[in-house]
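Asks: Got a structure here, written out as structure tokens. Questions coming.
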Amino acid sequence: MENTIHRALQLRRQGKLQKSKEMFLTLLTNDPLNPSLHYQCARSFDILAEETKAMPFYEKAIELGLTDDELEDAFIKLGSIYRTHERFSEAKKLYQEAMRKFPKKEQMEIFYAMALYNLGEHAEAMGFLINNLAYTTTNQDILKYYRTITYLGNRLDSSSDEIINLEKNQPLQTVPSTKSIVEKITEGLENFGIGGFYTSSGFEYDEYYRFFNDRDLATRRCALAAFTVMLGAWHALSGFTFIPQHDRKYLGGYDPNEPFHELNNYIEAFVAHHQHIKRDFPVMFTYIIKFFISIEEERKVPYEKWFPELDAHLVQRLRDEVLLPNKLLLQAPTEYKYFLREAGISPFFEEDFFE
């Protein structure tokens, strides 16, 4: 069974959300009293924005008894669903139970305050929010749910339909693009020389991580350039290619059937091929190391906690085998123009040209 659970989690990490959900549901039929399987089924439905279907699985998981990490997450996810479906009293009661269970988890108070607001207990709600946020501005548990807190906190009077604007009636793009990887990335980098990482607009979707070790040098270069720019824009807060699965339904216009860039896939490929990448593209390699370290340090939340779908062992391998051994590279920063040259990006400003 452990192998099957691992496979279902792997499918989720790869973005194959429907297949992962079906596998967890099958596992649950064979072990209906397993609280963790109820929790994983709930997460599967929740990620797909099927909240009413997720609800009973979260409820049963809590009833059967979860481990602390899963229980903490189930309280927050279920309470948020109660709120967005106008079951405010149930949300309040659930968060009261959560605060008793986790008295040191300040994020519970924030979600509790939202439920109080919906029940008209505005003064108490604002007290919880102001005192808590003023005290925990760098708290990892709050930062982990940053998007959920800020998105729902600004839509306290909205219904579920208004909060989660699913593109349910949009036809899926079933015809694959005929462009090559090089063409897609070249188009995405067309104006990169002007604004750099601070104005990056992104690339047409593809699984660029699959080309980190491609035989063709130009394809490898473009795939690495795309990944470096994705991380750089993330670090500059100008673009967010990588978004936790549980946050995506709060983007607006969300379609769970459309593919997303899964961070787990990129980390896995980077760890697997980092030695060749360092040899062939040393400047981009250094930039990737810098961005990976800086993003985590500045956010003050470990990647595996920020992105619960990540393989925690894989992230630790990234740190131990790649980031820490190469951290010394950051002591001698490489000029930006060397990055442009190695990535094959046309410069715009005079100082970015070589004589």
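Identifiers for the structure tokens are assigned positionally: chains receive A, B, ... in sequence, residues are indexed from 1 per chain, and ligands are indexed from 1 in the order shown.
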Can you check which residues of stretch 141-341 of chain A DSSP gives as helix (DSSP H, G or I) on the backbone and send them as a VMD selection string?

Replies: chain A and resid 141 to 144 146 to 153 160 to 163 181 to 188 192 to 198 208 to 211 217 to 236 245 to 250 263 to 280 282 to 299 303 to 306 312 to 323 327 to 331 336 to 341

Asks: Only C-alpha atoms, please: the residues just picked out, written as a compact mmCIF listing (two decimals), in the first residue's frame.

Replies:
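Just written: again_6.txt:
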```
# COMPACT_ATOMS: atom_id res chain seq x y z
CA ASP A 141 2.88 29.08 9.55
CA ILE A 142 1.15 32.30 8.53
CA LEU A 143 3.42 32.93 5.57
CA LYS A 144 2.68 29.41 4.34
CA TYR A 146 -0.16 34.00 2.79
CA ARG A 147 -2.14 33.90 -0.44
CA THR A 148 -5.13 32.19 1.19
CA ILE A 149 -5.19 34.70 4.06
CA THR A 150 -4.87 37.80 1.91
CA TYR A 151 -7.21 36.59 -0.83
CA LEU A 152 -10.01 35.46 1.47
CA GLY A 153 -9.40 38.31 3.89
CA SER A 160 -17.85 30.63 -3.13
CA ASP A 161 -18.80 31.31 -6.75
CA GLU A 162 -17.43 34.83 -6.53
CA ILE A 163 -14.23 33.73 -4.81
CA ILE A 181 11.02 24.43 -27.28
CA VAL A 182 13.56 26.84 -28.72
CA GLU A 183 10.84 28.81 -30.53
CA LYS A 184 8.62 29.06 -27.45
CA ILE A 185 11.41 30.25 -25.20
CA THR A 186 12.92 32.60 -27.76
CA GLU A 187 9.54 34.32 -28.12
CA GLY A 188 9.16 34.54 -24.34
CA PHE A 192 13.92 40.36 -21.76
CA GLY A 193 16.98 42.55 -22.37
CA ILE A 194 14.97 45.69 -21.57
CA GLY A 195 13.47 44.85 -18.19
CA GLY A 196 15.22 41.66 -17.18
CA PHE A 197 13.80 39.64 -14.32
CA TYR A 198 11.65 42.58 -13.21
CA TYR A 208 10.81 22.58 -20.01
CA TYR A 209 12.46 20.53 -17.27
CA ARG A 210 12.42 17.53 -19.61
CA PHE A 211 15.06 19.25 -21.75
CA LEU A 217 22.90 22.20 -26.98
CA ALA A 218 20.53 24.98 -28.12
CA THR A 219 17.52 23.17 -26.65
CA ARG A 220 19.35 22.63 -23.37
CA ARG A 221 20.38 26.27 -23.25
CA CYS A 222 16.85 27.52 -23.87
CA ALA A 223 15.30 25.19 -21.28
CA LEU A 224 17.81 26.35 -18.64
CA ALA A 225 17.30 30.00 -19.64
CA ALA A 226 13.53 29.61 -19.18
CA PHE A 227 13.98 28.05 -15.74
CA THR A 228 16.46 30.73 -14.66
CA VAL A 229 14.06 33.47 -15.75
CA MET A 230 11.14 31.77 -13.98
CA LEU A 231 13.11 31.74 -10.73
CA GLY A 232 14.47 35.24 -11.29
CA ALA A 233 11.02 36.72 -11.87
CA TRP A 234 9.80 34.90 -8.75
CA HIS A 235 12.67 36.37 -6.75
CA ALA A 236 11.95 39.84 -8.16
CA GLN A 245 -1.44 23.64 -5.71
CA HIS A 246 -3.67 24.67 -2.80
CA ASP A 247 -3.37 28.35 -3.77
CA ARG A 248 -4.25 28.06 -7.45
CA LYS A 249 -8.00 28.16 -7.02
CA TYR A 250 -7.59 31.70 -5.67
CA LEU A 263 7.99 22.93 -8.96
CA ASN A 264 8.67 19.33 -7.95
CA ASN A 265 9.40 18.37 -11.57
CA TYR A 266 11.90 21.21 -12.00
CA ILE A 267 13.70 20.49 -8.74
CA GLU A 268 13.90 16.80 -9.60
CA ALA A 269 15.41 17.51 -13.03
CA PHE A 270 17.80 20.14 -11.68
CA VAL A 271 19.11 17.83 -8.95
CA ALA A 272 19.49 14.96 -11.42
CA HIS A 273 21.45 16.98 -13.98
CA HIS A 274 23.09 19.70 -11.87
CA GLN A 275 26.65 18.53 -12.55
CA HIS A 276 26.22 18.72 -16.33
CA ILE A 277 24.39 22.04 -16.02
CA LYS A 278 27.22 23.47 -13.91
CA ARG A 279 29.78 22.32 -16.48
CA ASP A 280 27.94 23.49 -19.60
CA PRO A 282 28.11 27.85 -15.23
CA VAL A 283 26.57 31.34 -15.19
CA MET A 284 22.96 30.18 -15.34
CA PHE A 285 23.81 27.50 -12.77
CA THR A 286 25.08 30.19 -10.39
CA TYR A 287 21.98 32.33 -10.93
CA ILE A 288 19.72 29.35 -10.23
CA ILE A 289 21.61 28.61 -7.00
CA LYS A 290 21.29 32.26 -5.97
CA PHE A 291 17.55 32.41 -6.66
CA PHE A 292 16.76 29.10 -4.93
CA ILE A 293 18.60 30.19 -1.78
CA SER A 294 17.35 33.79 -1.77
CA ILE A 295 13.66 33.02 -2.40
CA GLU A 296 13.50 30.62 0.56
CA GLU A 297 15.51 32.86 2.88
CA GLU A 298 13.53 35.99 2.09
CA ARG A 299 10.15 34.28 2.39
CA TYR A 303 9.95 25.11 0.25
CA GLU A 304 8.42 21.83 1.44
CA LYS A 305 6.18 23.71 3.87
CA TRP A 306 5.32 26.44 1.37
CA ALA A 312 10.48 16.74 1.20
CA HIS A 313 13.36 14.29 0.69
CA LEU A 314 13.95 15.70 -2.78
CA VAL A 315 14.06 19.26 -1.43
CA GLN A 316 16.57 18.21 1.20
CA ARG A 317 18.68 16.62 -1.53
CA LEU A 318 18.54 19.94 -3.40
CA ARG A 319 19.94 21.68 -0.33
CA ASP A 320 22.53 19.04 0.62
CA GLU A 321 23.80 18.02 -2.81
CA VAL A 322 23.46 21.22 -4.82
CA LEU A 323 22.77 24.45 -2.94
CA LYS A 327 26.96 28.47 -2.10
CA LEU A 328 30.51 29.80 -2.33
CA LEU A 329 29.86 30.64 -5.98
CA LEU A 330 27.72 33.53 -4.79
CA GLN A 331 30.69 35.27 -3.18
CA TYR A 336 24.54 40.34 -15.79
CA LYS A 337 25.86 40.58 -19.35
CA TYR A 338 27.51 37.18 -18.96
CA PHE A 339 24.15 35.70 -18.12
CA LEU A 340 22.61 37.27 -21.23
CA ARG A 341 25.38 35.89 -23.41
```

Asks: So how many Å separate atom CA of A:Asn34 and atom CA of A:Ile62, to one decimal?

Replies: 10.8 Å

Asks: Which residues are near A:Arg43? Cut-off 9 Å, only C-alpha atoms, ignore same chain within fewer than 2 positions. Put them as JSON, numbers by chain.

Replies: {"A": [21, 38, 39, 40, 41, 45, 46, 47, 48, 54, 57, 58, 74, 77, 246]}

Asks: Output N, CA and C atoms for every residue in that selection, as an mmCIF file, in the first residue's frame.

Replies:
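The resulting file, again-v8.cif, is shown below:
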```cif
data_model
loop_
_atom_site.group_PDB
_atom_site.id
_atom_site.type_symbol
_atom_site.label_atom_id
_atom_site.label_comp_id
_atom_site.auth_asym_id
_atom_site.auth_seq_id
_atom_site.Cartn_x
_atom_site.Cartn_y
_atom_site.Cartn_z
ATOM 1 N N LYS A 21 -6.225 11.625 -7.815
ATOM 2 C CA LYS A 21 -7.478 11.551 -7.059
ATOM 3 C C LYS A 21 -8.105 10.157 -7.167
ATOM 4 N N HIS A 38 -8.486 9.572 3.869
ATOM 5 C CA HIS A 38 -9.593 10.533 3.777
ATOM 6 C C HIS A 38 -9.046 11.940 3.539
ATOM 7 N N TYR A 39 -7.984 12.265 4.248
ATOM 8 C CA TYR A 39 -7.355 13.586 4.087
ATOM 9 C C TYR A 39 -6.811 13.766 2.664
ATOM 10 N N GLN A 40 -6.150 12.741 2.138
ATOM 11 C CA GLN A 40 -5.586 12.852 0.784
ATOM 12 C C GLN A 40 -6.694 12.935 -0.271
ATOM 13 N N CYS A 41 -7.784 12.232 -0.071
ATOM 14 C CA CYS A 41 -8.919 12.359 -0.992
ATOM 15 C C CYS A 41 -9.496 13.772 -0.927
ATOM 16 N N PHE A 45 -9.756 16.511 -4.108
ATOM 17 C CA PHE A 45 -10.941 17.254 -4.540
ATOM 18 C C PHE A 45 -10.733 18.757 -4.374
ATOM 19 N N ASP A 46 -10.094 19.162 -3.268
ATOM 20 C CA ASP A 46 -9.897 20.580 -2.980
ATOM 21 C C ASP A 46 -9.013 21.234 -4.037
ATOM 22 N N ILE A 47 -7.932 20.571 -4.410
ATOM 23 C CA ILE A 47 -7.026 21.102 -5.428
ATOM 24 C C ILE A 47 -7.746 21.280 -6.756
ATOM 25 N N LEU A 48 -8.689 20.405 -7.022
ATOM 26 C CA LEU A 48 -9.468 20.478 -8.259
ATOM 27 C C LEU A 48 -10.657 21.428 -8.134
ATOM 28 N N ALA A 54 -14.937 17.713 -1.393
ATOM 29 C CA ALA A 54 -13.819 17.610 -0.450
ATOM 30 C C ALA A 54 -14.302 17.630 0.997
ATOM 31 N N PHE A 57 -14.839 14.434 3.175
ATOM 32 C CA PHE A 57 -13.580 13.715 3.391
ATOM 33 C C PHE A 57 -12.740 14.401 4.467
ATOM 34 N N TYR A 58 -12.692 15.729 4.446
ATOM 35 C CA TYR A 58 -11.996 16.449 5.527
ATOM 36 C C TYR A 58 -12.656 16.147 6.866
ATOM 37 N N ALA A 74 -5.963 20.166 7.665
ATOM 38 C CA ALA A 74 -7.371 19.830 7.453
ATOM 39 C C ALA A 74 -8.288 20.844 8.137
ATOM 40 N N LYS A 77 -8.212 24.038 5.881
ATOM 41 C CA LYS A 77 -8.865 23.859 4.576
ATOM 42 C C LYS A 77 -10.380 23.686 4.747
ATOM 43 N N HIS A 246 -2.515 24.269 -3.605
ATOM 44 C CA HIS A 246 -3.672 24.666 -2.803
ATOM 45 C C HIS A 246 -4.015 26.140 -2.950
#
```

Asks: If we count only C-alpha atoms and set the cut-off at 10 Å, which residues sit around A:Leu27, ignoring sequence neighbours fewer than 2 positions away in its own chain? Please answer as a PyMOL selection string.

Replies: chain A and resi 1+4-5+8+21-25+29-32+34+37-38+41

Asks: Stretch 109-126 of chain A: which residues within 8 Å, counting only C-alpha atoms, same-chain residues fewer than 3 positions away excluded, as a PDB file with C-alpha atoms, in the first residue's frame?

Replies:
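That gives us part17.pdb:
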```
ATOM      1  CA  ILE A  76      -7.700  25.266   7.908  1.00  0.00           C
ATOM      2  CA  GLY A  79     -12.884  25.855   7.817  1.00  0.00           C
ATOM      3  CA  SER A  80     -12.188  27.889   4.662  1.00  0.00           C
ATOM      4  CA  ARG A  83     -16.826  29.959   5.247  1.00  0.00           C
ATOM      5  CA  PHE A  88     -20.139  30.436   9.308  1.00  0.00           C
ATOM      6  CA  SER A  89     -21.158  28.947  12.660  1.00  0.00           C
ATOM      7  CA  ALA A  91     -16.407  27.423  10.665  1.00  0.00           C
ATOM      8  CA  LYS A  92     -16.276  29.248  14.004  1.00  0.00           C
ATOM      9  CA  TYR A  95     -11.547  26.932  14.394  1.00  0.00           C
ATOM     10  CA  GLN A  96     -12.258  27.044  18.135  1.00  0.00           C
ATOM     11  CA  MET A  99      -7.118  26.658  18.517  1.00  0.00           C
ATOM     12  CA  LYS A 105      -0.391  27.977  15.839  1.00  0.00           C
ATOM     13  CA  GLU A 106      -1.206  31.654  15.325  1.00  0.00           C
ATOM     14  CA  LEU A 129      -6.279  39.991  13.122  1.00  0.00           C
ATOM     15  CA  ILE A 130      -4.480  43.143  14.214  1.00  0.00           C
ATOM     16  CA  ASN A 132      -1.887  38.443  15.530  1.00  0.00           C
ATOM     17  CA  ILE A 149      -5.190  34.699   4.060  1.00  0.00           C
ATOM     18  CA  GLY A 153      -9.403  38.306   3.894  1.00  0.00           C
ATOM     19  CA  LEU A 156     -15.050  38.373   3.442  1.00  0.00           C
ATOM     20  CA  ASP A 157     -18.545  39.021   2.065  1.00  0.00           C
TER      21      ASP A 157
END
```

Asks: With only C-alpha atoms as the atoms that count, which of A:Gly127, A:Glu90, A:Pro244, A:Gln107 lies nearest to A:Leu310?

Replies: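 Ranking A:Gly127, A:Glu90, A:Pro244, A:Gln107 by distance to A:Leu310, first place goes to A:Pro244.
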
Asks: May I ask for the distance between atom CA of A:Tyr145 and atom CA of A:Ala49, given in Å to one decimal place?

Replies: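 Separation of atom CA of A:Tyr145 and atom CA of A:Ala49: 16.9 Å.
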
Asks: Let me make sure I understand: among A:His6, A:Lys93, A:His85, A:Arg155, which one has the smallest atom-to-atom distance to A:Met55 if we use only C-alpha atoms?

Replies: A:His85

Asks: Within 9 Å of A:Asn257, counting only C-alpha atoms, which residues qualify if same-chain residues fewer than 3 places away don't, as a list in words?

Replies: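 Contacts, in chain order: Leu17, Gln18, Leu48, Leu172 and Tyr254 of chain A.
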